[in-house]
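*Asks:* Dropping the structure in here first, questions after.
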Protein chains: 2
Amino acid sequence: MVSRKHLKFIKSLQHKKYRKQAQSFIVEGEKSVVELIHSNIKIKTIIATKRFLEHHFQLLQQEDIEWIETSKEILNKTGTFQTNQTALAVATIPEWPPLDLSVNPFIPVYEYLQDPGNLGTILRICDWFGIDVIILSSDSVDVYSPKVIQASMGSFTRVKVYYKSLDRIFKQAVHTRIGTTLEGENVHGYDWPDSGMILFGNESRGISGNLLSRLDHKISIPKYGGAESLNVAITTGIILDHMKRHQSLRR
Amino acid sequence: MVSRKHLKFIKSLQHKKYRKQAQSFIVEGEKSVVELIHSNIKIKTIIATKRFLEHHFQLLQQEDIEWIETSKEILNKTGTFQTNQTALAVATIPEWPPLDLSVNPFIPVYEYLQDPGNLGTILRICDWFGIDVIILSSDSVDVYSPKVIQASMGSFTRVKVYYKSLDRIFKQAVHTRIGTTLEGENVHGYDWPDSGMILFGNESRGISGNLLSRLDHKISIPKYGGAESLNVAITTGIILDHMKRHQSLRR
């Protein structure tokens, strides 16, 4: 059984303040918890239904993980999912190695990214395209928010997120600074450099003037119809696909 | 002032059953309501704050729209948005002309699309790429659900959604039947036909065996990393961008 105090602690991790204090975050849902177990991220405890524990018994033993059996009802009340919870893990916020800008030829950079669903989807997209480092401005949404973790579908275990002052990063950059804007050069004809930082602006305001003035290249996805803009995750998917296509053509 | 009976009617439109009965749906938020006014969709009534009505007075007069002033509090309680409502419109579900498969060279088709956020985002993407007709299997999410309307950011006024039996559509098709699958041909090298229906499968199950066997071509987005799949809206964005790139190269 899980103590009330423990449940209260777990619930508190829905808030950034308490996550920071405890250097811990929660991972919910069978798929995400299993991906977490397979990753290098340290797990403090798992609370799960009997069915989950039986189903994954070998894996849990093998990885020497502490677990507590509980009911669906308590899981539903403790987590942020309202229904059908089967497992919830408390994990230690990982300490990634210091940011090395030369680790990936292209690094996606986000200014004031606000929506947790967008960040989760972006992690999943980067993971698909084999990009394991992204940079977010310090004022962006917290990657350890339960909604981000959920939307990332396990990709939070593979993509490292660094919070940085973009001003500073842009000054130091050895990479080409590429920005996605509504008035940039058509990405279909863009001659990609060998490496670069690809900057995506805020969901409603786009890229701020300060960073805009520091861009080496501006690119955009050609528009044929009436929509004013594309969502930042959709833009990420299309731009990274172009970048990958370009890289594979070079080889 | 809005009568309680009227508010109850508006609230009922959050449910598909009542939308069908009244052949009406609700549109919320300043941007979406303004796009609605500019469209050909018939508006029954608008309830809005004083500020909204003053700001858009000319437009409302010009279009001869019936409106009722109300408070933010009542709007927040009546609509599905919890905060910051400024306007809500009740509109008549439009009757689109009969589906004409030859109207667009390429038509996106969705099997059992479930998530309203995904459908809204897909409408926005199609609108961006100038595609104004899409087909959904009859068991897909209702396009007039408030969440779809909200996520489409006004694109519901320009993209026509047809609910059809995909079995029948696939049998009749004069277009090439292209399906997006995880094991298809790399879309980067795909030699696009002049026209086609592009089929996207269900969010978790993909394309069903029945339709899979009827495909002329299977295409996929190359994967380089660990994520199991891409979200259906992201896939739509990347595939439509490729299709447009191909079309513009042909010209």
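Naming scheme: A, B, ... for chains in displayed order of the structure tokens; residues 1 onward per chain; ligands 1 onward as shown.
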Given a cut-off of 6 Å, which residues of chain A touch chain B, counting only C-alpha atoms, written out as a PyMOL selection string?
*Replies:* chain A and resi 127-130+223-227+234+238
*Asks:* Could you please take those selected residues and save N, CA, C and O atoms as a short mmCIF file (atom, residue, chain, number, x, y, z; two decimals), in the first residue's frame?
*Replies:*
data_model
loop_
_atom_site.label_atom_id
_atom_site.label_comp_id
_atom_site.auth_asym_id
_atom_site.auth_seq_id
_atom_site.Cartn_x
_atom_site.Cartn_y
_atom_site.Cartn_z
N ASP A 127 13.21 12.88 -31.88
CA ASP A 127 13.59 11.50 -31.64
C ASP A 127 13.45 10.68 -32.93
O ASP A 127 14.32 9.89 -33.28
N TRP A 128 12.37 10.90 -33.64
CA TRP A 128 12.15 10.20 -34.93
C TRP A 128 13.29 10.49 -35.89
O TRP A 128 13.79 9.61 -36.58
N PHE A 129 13.71 11.74 -35.95
CA PHE A 129 14.74 12.14 -36.89
C PHE A 129 16.16 11.97 -36.33
O PHE A 129 17.13 12.43 -36.92
N GLY A 130 16.27 11.31 -35.17
CA GLY A 130 17.59 11.01 -34.61
C GLY A 130 18.32 12.22 -34.05
O GLY A 130 19.55 12.22 -33.97
N LYS A 223 3.48 28.66 -48.56
CA LYS A 223 2.05 28.62 -48.24
C LYS A 223 1.22 28.76 -49.51
O LYS A 223 1.55 29.56 -50.38
N TYR A 224 0.16 27.97 -49.63
CA TYR A 224 -0.67 27.99 -50.83
C TYR A 224 -2.12 28.36 -50.54
O TYR A 224 -2.90 28.53 -51.45
N GLY A 225 -2.49 28.41 -49.25
CA GLY A 225 -3.90 28.60 -48.93
C GLY A 225 -4.15 29.70 -47.91
O GLY A 225 -3.40 30.67 -47.84
N GLY A 226 -5.19 29.52 -47.12
CA GLY A 226 -5.68 30.59 -46.27
C GLY A 226 -5.18 30.65 -44.84
O GLY A 226 -5.30 31.69 -44.19
N ALA A 227 -4.64 29.55 -44.31
CA ALA A 227 -4.23 29.54 -42.90
C ALA A 227 -3.13 30.57 -42.65
O ALA A 227 -2.25 30.76 -43.48
N ILE A 234 4.36 21.19 -36.12
CA ILE A 234 4.23 20.85 -37.55
C ILE A 234 5.41 21.44 -38.32
O ILE A 234 6.03 20.77 -39.16
N ILE A 238 8.27 19.38 -40.59
CA ILE A 238 8.54 19.64 -42.01
C ILE A 238 9.99 20.09 -42.23
O ILE A 238 10.67 19.61 -43.14
#
*Asks:* Please return as a PyMOL selection string: the residues of range 18-140 of chain A that backbone DSSP assigns to strand (DSSP E or B).
*Replies:* chain A and resi 24-28+43-48+67-69+87-92+106-110+133-137
*Asks:* Filtering to N, CA and C atoms, could you give me those residues as a tab-separated table (two decimals), in the first residue's frame?
*Replies:*
chain	number	residue	atom	x	y	z
A	24	SER	N	12.80	15.65	-8.88
A	24	SER	CA	12.07	14.45	-9.29
A	24	SER	C	10.92	14.82	-10.22
A	25	PHE	N	10.49	13.87	-11.01
A	25	PHE	CA	9.31	14.10	-11.86
A	25	PHE	C	8.55	12.79	-12.01
A	26	ILE	N	7.31	12.91	-12.49
A	26	ILE	CA	6.50	11.70	-12.63
A	26	ILE	C	6.33	11.31	-14.10
A	27	VAL	N	6.25	10.01	-14.30
A	27	VAL	CA	6.04	9.45	-15.63
A	27	VAL	C	4.82	8.55	-15.52
A	28	GLU	N	3.85	8.75	-16.41
A	28	GLU	CA	2.59	8.03	-16.29
A	28	GLU	C	2.28	7.21	-17.53
A	43	ILE	N	15.14	5.64	-11.47
A	43	ILE	CA	13.77	5.56	-10.98
A	43	ILE	C	13.77	5.44	-9.46
A	44	LYS	N	12.98	6.27	-8.78
A	44	LYS	CA	12.90	6.18	-7.33
A	44	LYS	C	11.89	5.14	-6.90
A	45	THR	N	10.73	5.18	-7.52
A	45	THR	CA	9.71	4.20	-7.18
A	45	THR	C	8.67	4.10	-8.30
A	46	ILE	N	8.01	2.97	-8.35
A	46	ILE	CA	6.90	2.81	-9.28
A	46	ILE	C	5.68	2.38	-8.49
A	47	ILE	N	4.57	3.06	-8.69
A	47	ILE	CA	3.32	2.53	-8.13
A	47	ILE	C	2.47	2.06	-9.31
A	48	ALA	N	1.94	0.87	-9.21
A	48	ALA	CA	1.26	0.30	-10.37
A	48	ALA	C	0.22	-0.73	-9.95
A	67	TRP	N	8.95	-1.17	-6.17
A	67	TRP	CA	7.59	-0.89	-6.60
A	67	TRP	C	6.59	-1.07	-5.47
A	68	ILE	N	5.45	-0.46	-5.65
A	68	ILE	CA	4.36	-0.62	-4.69
A	68	ILE	C	3.09	-0.92	-5.49
A	69	GLU	N	2.37	-1.93	-5.08
A	69	GLU	CA	1.12	-2.26	-5.77
A	69	GLU	C	0.01	-1.37	-5.26
A	87	ALA	N	0.15	2.55	-14.31
A	87	ALA	CA	1.45	2.68	-13.66
A	87	ALA	C	1.90	4.14	-13.62
A	88	LEU	N	2.61	4.46	-12.57
A	88	LEU	CA	3.16	5.80	-12.42
A	88	LEU	C	4.54	5.66	-11.78
A	89	ALA	N	5.54	6.30	-12.36
A	89	ALA	CA	6.89	6.22	-11.81
A	89	ALA	C	7.33	7.58	-11.32
A	90	VAL	N	8.09	7.59	-10.23
A	90	VAL	CA	8.77	8.80	-9.80
A	90	VAL	C	10.24	8.61	-10.17
A	91	ALA	N	10.77	9.55	-10.95
A	91	ALA	CA	12.14	9.43	-11.44
A	91	ALA	C	12.96	10.66	-11.05
A	92	THR	N	14.27	10.49	-11.05
A	92	THR	CA	15.17	11.59	-10.75
A	92	THR	C	15.42	12.40	-12.02
A	106	PHE	N	22.92	19.56	-36.62
A	106	PHE	CA	21.84	20.55	-36.54
A	106	PHE	C	21.15	20.47	-35.19
A	107	ILE	N	20.93	21.62	-34.58
A	107	ILE	CA	20.28	21.65	-33.27
A	107	ILE	C	19.05	22.57	-33.33
A	108	PRO	N	17.87	22.00	-33.07
A	108	PRO	CA	16.68	22.84	-33.00
A	108	PRO	C	16.71	23.70	-31.73
A	109	VAL	N	16.32	24.96	-31.89
A	109	VAL	CA	16.33	25.91	-30.78
A	109	VAL	C	14.95	26.57	-30.71
A	110	TYR	N	14.38	26.67	-29.53
A	110	TYR	CA	13.03	27.23	-29.40
A	110	TYR	C	13.03	28.45	-28.50
A	133	VAL	N	19.55	16.36	-29.08
A	133	VAL	CA	19.77	17.58	-28.29
A	133	VAL	C	18.92	18.72	-28.83
A	134	ILE	N	18.16	19.37	-27.96
A	134	ILE	CA	17.49	20.61	-28.37
A	134	ILE	C	17.70	21.66	-27.28
A	135	ILE	N	17.63	22.92	-27.71
A	135	ILE	CA	17.82	24.03	-26.77
A	135	ILE	C	16.52	24.82	-26.67
A	136	LEU	N	16.15	25.16	-25.43
A	136	LEU	CA	14.97	26.00	-25.21
A	136	LEU	C	15.40	27.27	-24.47
A	137	SER	N	14.76	28.38	-24.78
A	137	SER	CA	15.03	29.59	-24.00
A	137	SER	C	14.58	29.34	-22.56
*Asks:* What's the separation between CA of Pro98 in chain B and CA of Ile169 in chain B, in Å to one decimal place?
*Replies:*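 According to the coordinates, CA of Pro98 in chain B and CA of Ile169 in chain B are separated by 13.4 Å.
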*Asks:* Enumerate the residues of range 73-227 of chain A with a DSSP assignment of alpha helix (DSSP H), computed from the backbone, and present them as a ChimeraX atom specification.
*Replies:* /A:73-78,116-128,146-151,166-172,209-212
*Asks:* Go ahead and dump the residues you just picked, N, CA, C and O atoms, as a compact mmCIF listing (two decimals), in the first residue's frame.
*Replies:*
# COMPACT_ATOMS: atom_id res chain seq x y z
N GLU A 73 -7.97 3.02 -8.98
CA GLU A 73 -8.66 4.19 -8.41
C GLU A 73 -7.63 5.16 -7.80
O GLU A 73 -7.67 6.36 -8.06
N ILE A 74 -6.70 4.61 -7.02
CA ILE A 74 -5.70 5.47 -6.38
C ILE A 74 -4.78 6.08 -7.44
O ILE A 74 -4.44 7.26 -7.38
N LEU A 75 -4.42 5.30 -8.44
CA LEU A 75 -3.59 5.82 -9.53
C LEU A 75 -4.30 6.95 -10.27
O LEU A 75 -3.71 8.00 -10.54
N ASN A 76 -5.58 6.75 -10.56
CA ASN A 76 -6.34 7.78 -11.27
C ASN A 76 -6.40 9.07 -10.45
O ASN A 76 -6.36 10.17 -11.00
N LYS A 77 -6.49 8.91 -9.14
CA LYS A 77 -6.57 10.09 -8.26
C LYS A 77 -5.21 10.78 -8.09
O LYS A 77 -5.14 11.97 -7.89
N THR A 78 -4.15 9.99 -8.18
CA THR A 78 -2.81 10.54 -7.90
C THR A 78 -2.18 11.18 -9.13
O THR A 78 -1.51 12.20 -9.05
N PRO A 116 2.84 22.77 -23.42
CA PRO A 116 3.44 21.48 -23.08
C PRO A 116 3.18 20.41 -24.14
O PRO A 116 4.06 19.58 -24.43
N GLY A 117 1.99 20.42 -24.74
CA GLY A 117 1.69 19.45 -25.80
C GLY A 117 2.63 19.64 -26.98
O GLY A 117 3.14 18.67 -27.56
N ASN A 118 2.90 20.89 -27.33
CA ASN A 118 3.85 21.16 -28.42
C ASN A 118 5.24 20.62 -28.09
O ASN A 118 5.87 19.97 -28.93
N LEU A 119 5.72 20.88 -26.88
CA LEU A 119 7.07 20.41 -26.53
C LEU A 119 7.14 18.88 -26.57
O LEU A 119 8.09 18.32 -27.12
N GLY A 120 6.12 18.22 -26.03
CA GLY A 120 6.11 16.75 -26.07
C GLY A 120 6.16 16.23 -27.50
O GLY A 120 6.94 15.33 -27.83
N THR A 121 5.33 16.82 -28.36
CA THR A 121 5.31 16.40 -29.77
C THR A 121 6.64 16.70 -30.44
O THR A 121 7.13 15.90 -31.25
N ILE A 122 7.26 17.81 -30.11
CA ILE A 122 8.57 18.17 -30.68
C ILE A 122 9.64 17.15 -30.27
O ILE A 122 10.46 16.74 -31.08
N LEU A 123 9.61 16.72 -29.00
CA LEU A 123 10.57 15.70 -28.56
C LEU A 123 10.42 14.43 -29.39
O LEU A 123 11.39 13.81 -29.82
N ARG A 124 9.14 14.05 -29.63
CA ARG A 124 8.86 12.84 -30.40
C ARG A 124 9.38 12.98 -31.84
O ARG A 124 9.96 12.06 -32.41
N ILE A 125 9.18 14.16 -32.43
CA ILE A 125 9.65 14.40 -33.80
C ILE A 125 11.18 14.36 -33.86
O ILE A 125 11.75 13.73 -34.74
N CYS A 126 11.84 15.05 -32.92
CA CYS A 126 13.31 15.06 -32.92
C CYS A 126 13.84 13.65 -32.76
O CYS A 126 14.78 13.24 -33.45
N ASP A 127 13.21 12.88 -31.88
CA ASP A 127 13.59 11.50 -31.64
C ASP A 127 13.45 10.68 -32.93
O ASP A 127 14.32 9.89 -33.28
N TRP A 128 12.37 10.90 -33.64
CA TRP A 128 12.15 10.20 -34.93
C TRP A 128 13.29 10.49 -35.89
O TRP A 128 13.79 9.61 -36.58
N PRO A 146 4.11 17.00 -16.42
CA PRO A 146 3.48 15.72 -16.81
C PRO A 146 2.91 15.71 -18.22
O PRO A 146 2.98 14.70 -18.91
N LYS A 147 2.38 16.84 -18.68
CA LYS A 147 1.80 16.89 -20.02
C LYS A 147 2.85 16.74 -21.11
O LYS A 147 2.59 16.17 -22.17
N VAL A 148 4.04 17.30 -20.88
CA VAL A 148 5.13 17.16 -21.86
C VAL A 148 5.56 15.70 -21.91
O VAL A 148 5.67 15.11 -23.00
N ILE A 149 5.78 15.12 -20.73
CA ILE A 149 6.23 13.73 -20.64
C ILE A 149 5.23 12.82 -21.36
O ILE A 149 5.61 11.97 -22.18
N GLN A 150 3.96 13.04 -21.10
CA GLN A 150 2.91 12.23 -21.71
C GLN A 150 2.92 12.36 -23.25
O GLN A 150 2.92 11.38 -23.97
N ALA A 151 2.95 13.60 -23.73
CA ALA A 151 2.89 13.84 -25.18
C ALA A 151 4.14 13.34 -25.89
O ALA A 151 4.11 13.07 -27.09
N LEU A 166 19.21 32.40 -25.02
CA LEU A 166 19.43 32.31 -26.47
C LEU A 166 20.35 33.42 -26.97
O LEU A 166 21.09 33.24 -27.92
N ASP A 167 20.28 34.57 -26.31
CA ASP A 167 21.19 35.67 -26.65
C ASP A 167 22.64 35.19 -26.62
O ASP A 167 23.40 35.38 -27.56
N ARG A 168 22.98 34.56 -25.50
CA ARG A 168 24.35 34.10 -25.32
C ARG A 168 24.70 33.00 -26.34
O ARG A 168 25.75 33.04 -26.97
N ILE A 169 23.79 32.03 -26.46
CA ILE A 169 24.01 30.91 -27.40
C ILE A 169 24.24 31.44 -28.82
O ILE A 169 25.11 30.99 -29.54
N PHE A 170 23.44 32.44 -29.18
CA PHE A 170 23.54 32.98 -30.53
C PHE A 170 24.84 33.75 -30.75
O PHE A 170 25.35 33.80 -31.86
N LYS A 171 25.35 34.36 -29.69
CA LYS A 171 26.62 35.08 -29.80
C LYS A 171 27.78 34.11 -29.98
O LYS A 171 28.67 34.31 -30.78
N GLN A 172 27.74 33.02 -29.18
CA GLN A 172 28.84 32.04 -29.21
C GLN A 172 28.85 31.18 -30.45
O GLN A 172 29.87 30.58 -30.78
N GLY A 209 12.50 40.29 -32.22
CA GLY A 209 13.34 41.16 -33.04
C GLY A 209 14.82 41.01 -32.77
O GLY A 209 15.65 41.01 -33.68
N ASN A 210 15.11 40.85 -31.50
CA ASN A 210 16.50 40.73 -31.06
C ASN A 210 17.22 39.54 -31.72
O ASN A 210 18.33 39.67 -32.23
N LEU A 211 16.57 38.40 -31.71
CA LEU A 211 17.18 37.21 -32.31
C LEU A 211 17.08 37.24 -33.83
O LEU A 211 17.97 36.77 -34.54
N LEU A 212 15.98 37.82 -34.32
CA LEU A 212 15.76 37.92 -35.76
C LEU A 212 16.94 38.63 -36.45
O LEU A 212 17.40 38.22 -37.51
*Asks:* Nearest to His15 in chain A: which of A:Val141, A:Ile207, A:Ile41, A:Leu53 is it, counting only C-alpha atoms?
*Replies:*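 Among the listed residues, A:Val141 lies closest to His15 in chain A.
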*Asks:* Between CA of Leu60 in chain B and CA of Gln85 in chain B, measure the distance and give it in Å to one decimal.
*Replies:*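 A separation of 18.1 Å between them.
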*Asks:* Rounded to one decimal in Å, what is the spacing between CA of Ile198 in chain B and CA of Gln114 in chain B?
*Replies:*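 It comes out at 17.7 Å.
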*Asks:* Show me, as a list in words, the residues that have an atom within 9 Å of Trp96 in chain A when counting only C-alpha atoms, minus same-chain residues fewer than 4 positions from it.
*Replies:*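 Skipping anything fewer than 4 positions along the chain leaves Lys160, Val161 and Tyr162 of chain A.
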*Asks:* Grab the residues selected above and save them as a compact mmCIF listing (two decimals), in the first residue's frame with C-alpha atoms.
*Replies:*
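Written output follows (selection_39.txt):
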# COMPACT_ATOMS: atom_id res chain seq x y z
CA LYS A 160 18.14 16.00 -24.02
CA VAL A 161 16.65 19.44 -23.42
CA TYR A 162 18.93 22.33 -22.44
*Asks:* Leaving out Thr86 in chain B and any residue of its chain fewer than 3 positions from it, which residues lie within 8 Å of it when counting only C-alpha atoms, given as a compact mmCIF listing (two decimals) with N, CA and C atoms, in the first residue's frame?
*Replies:*
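Dumped everything to out.txt:
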# COMPACT_ATOMS: atom_id res chain seq x y z
N GLY B 29 -14.14 32.17 -29.45
CA GLY B 29 -12.88 32.91 -29.52
C GLY B 29 -12.94 33.98 -30.60
N GLU B 30 -12.30 35.10 -30.33
CA GLU B 30 -12.37 36.26 -31.22
C GLU B 30 -11.92 35.93 -32.65
N ALA B 48 -21.54 38.06 -27.24
CA ALA B 48 -20.18 38.58 -27.09
C ALA B 48 -20.12 39.68 -26.05
N THR B 49 -18.91 39.99 -25.63
CA THR B 49 -18.72 41.09 -24.67
C THR B 49 -18.88 42.42 -25.39
N ARG B 51 -16.86 44.85 -25.42
CA ARG B 51 -15.62 45.21 -26.09
C ARG B 51 -15.54 44.58 -27.49
N PHE B 52 -15.92 43.29 -27.60
CA PHE B 52 -15.91 42.61 -28.90
C PHE B 52 -16.88 43.29 -29.85
N LYS B 72 -18.31 38.45 -19.74
CA LYS B 72 -17.26 37.42 -19.83
C LYS B 72 -17.63 36.21 -19.00
N LEU B 75 -20.12 34.05 -20.72
CA LEU B 75 -19.45 33.40 -21.85
C LEU B 75 -18.57 32.24 -21.38
*Asks:* So which residues touch Lys20 in chain B within 12 Å, counting only C-alpha atoms, skipping near sequence neighbours fewer than 4 positions away, as a list in words?
*Replies:*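 In the requested form, the answer reads Ser12, Leu13, Gln14, His15, Lys16, Ser24, Phe25, Thr92, Ile93, Pro94, Asp142, Val143, Tyr144 and Ser145 of chain B.
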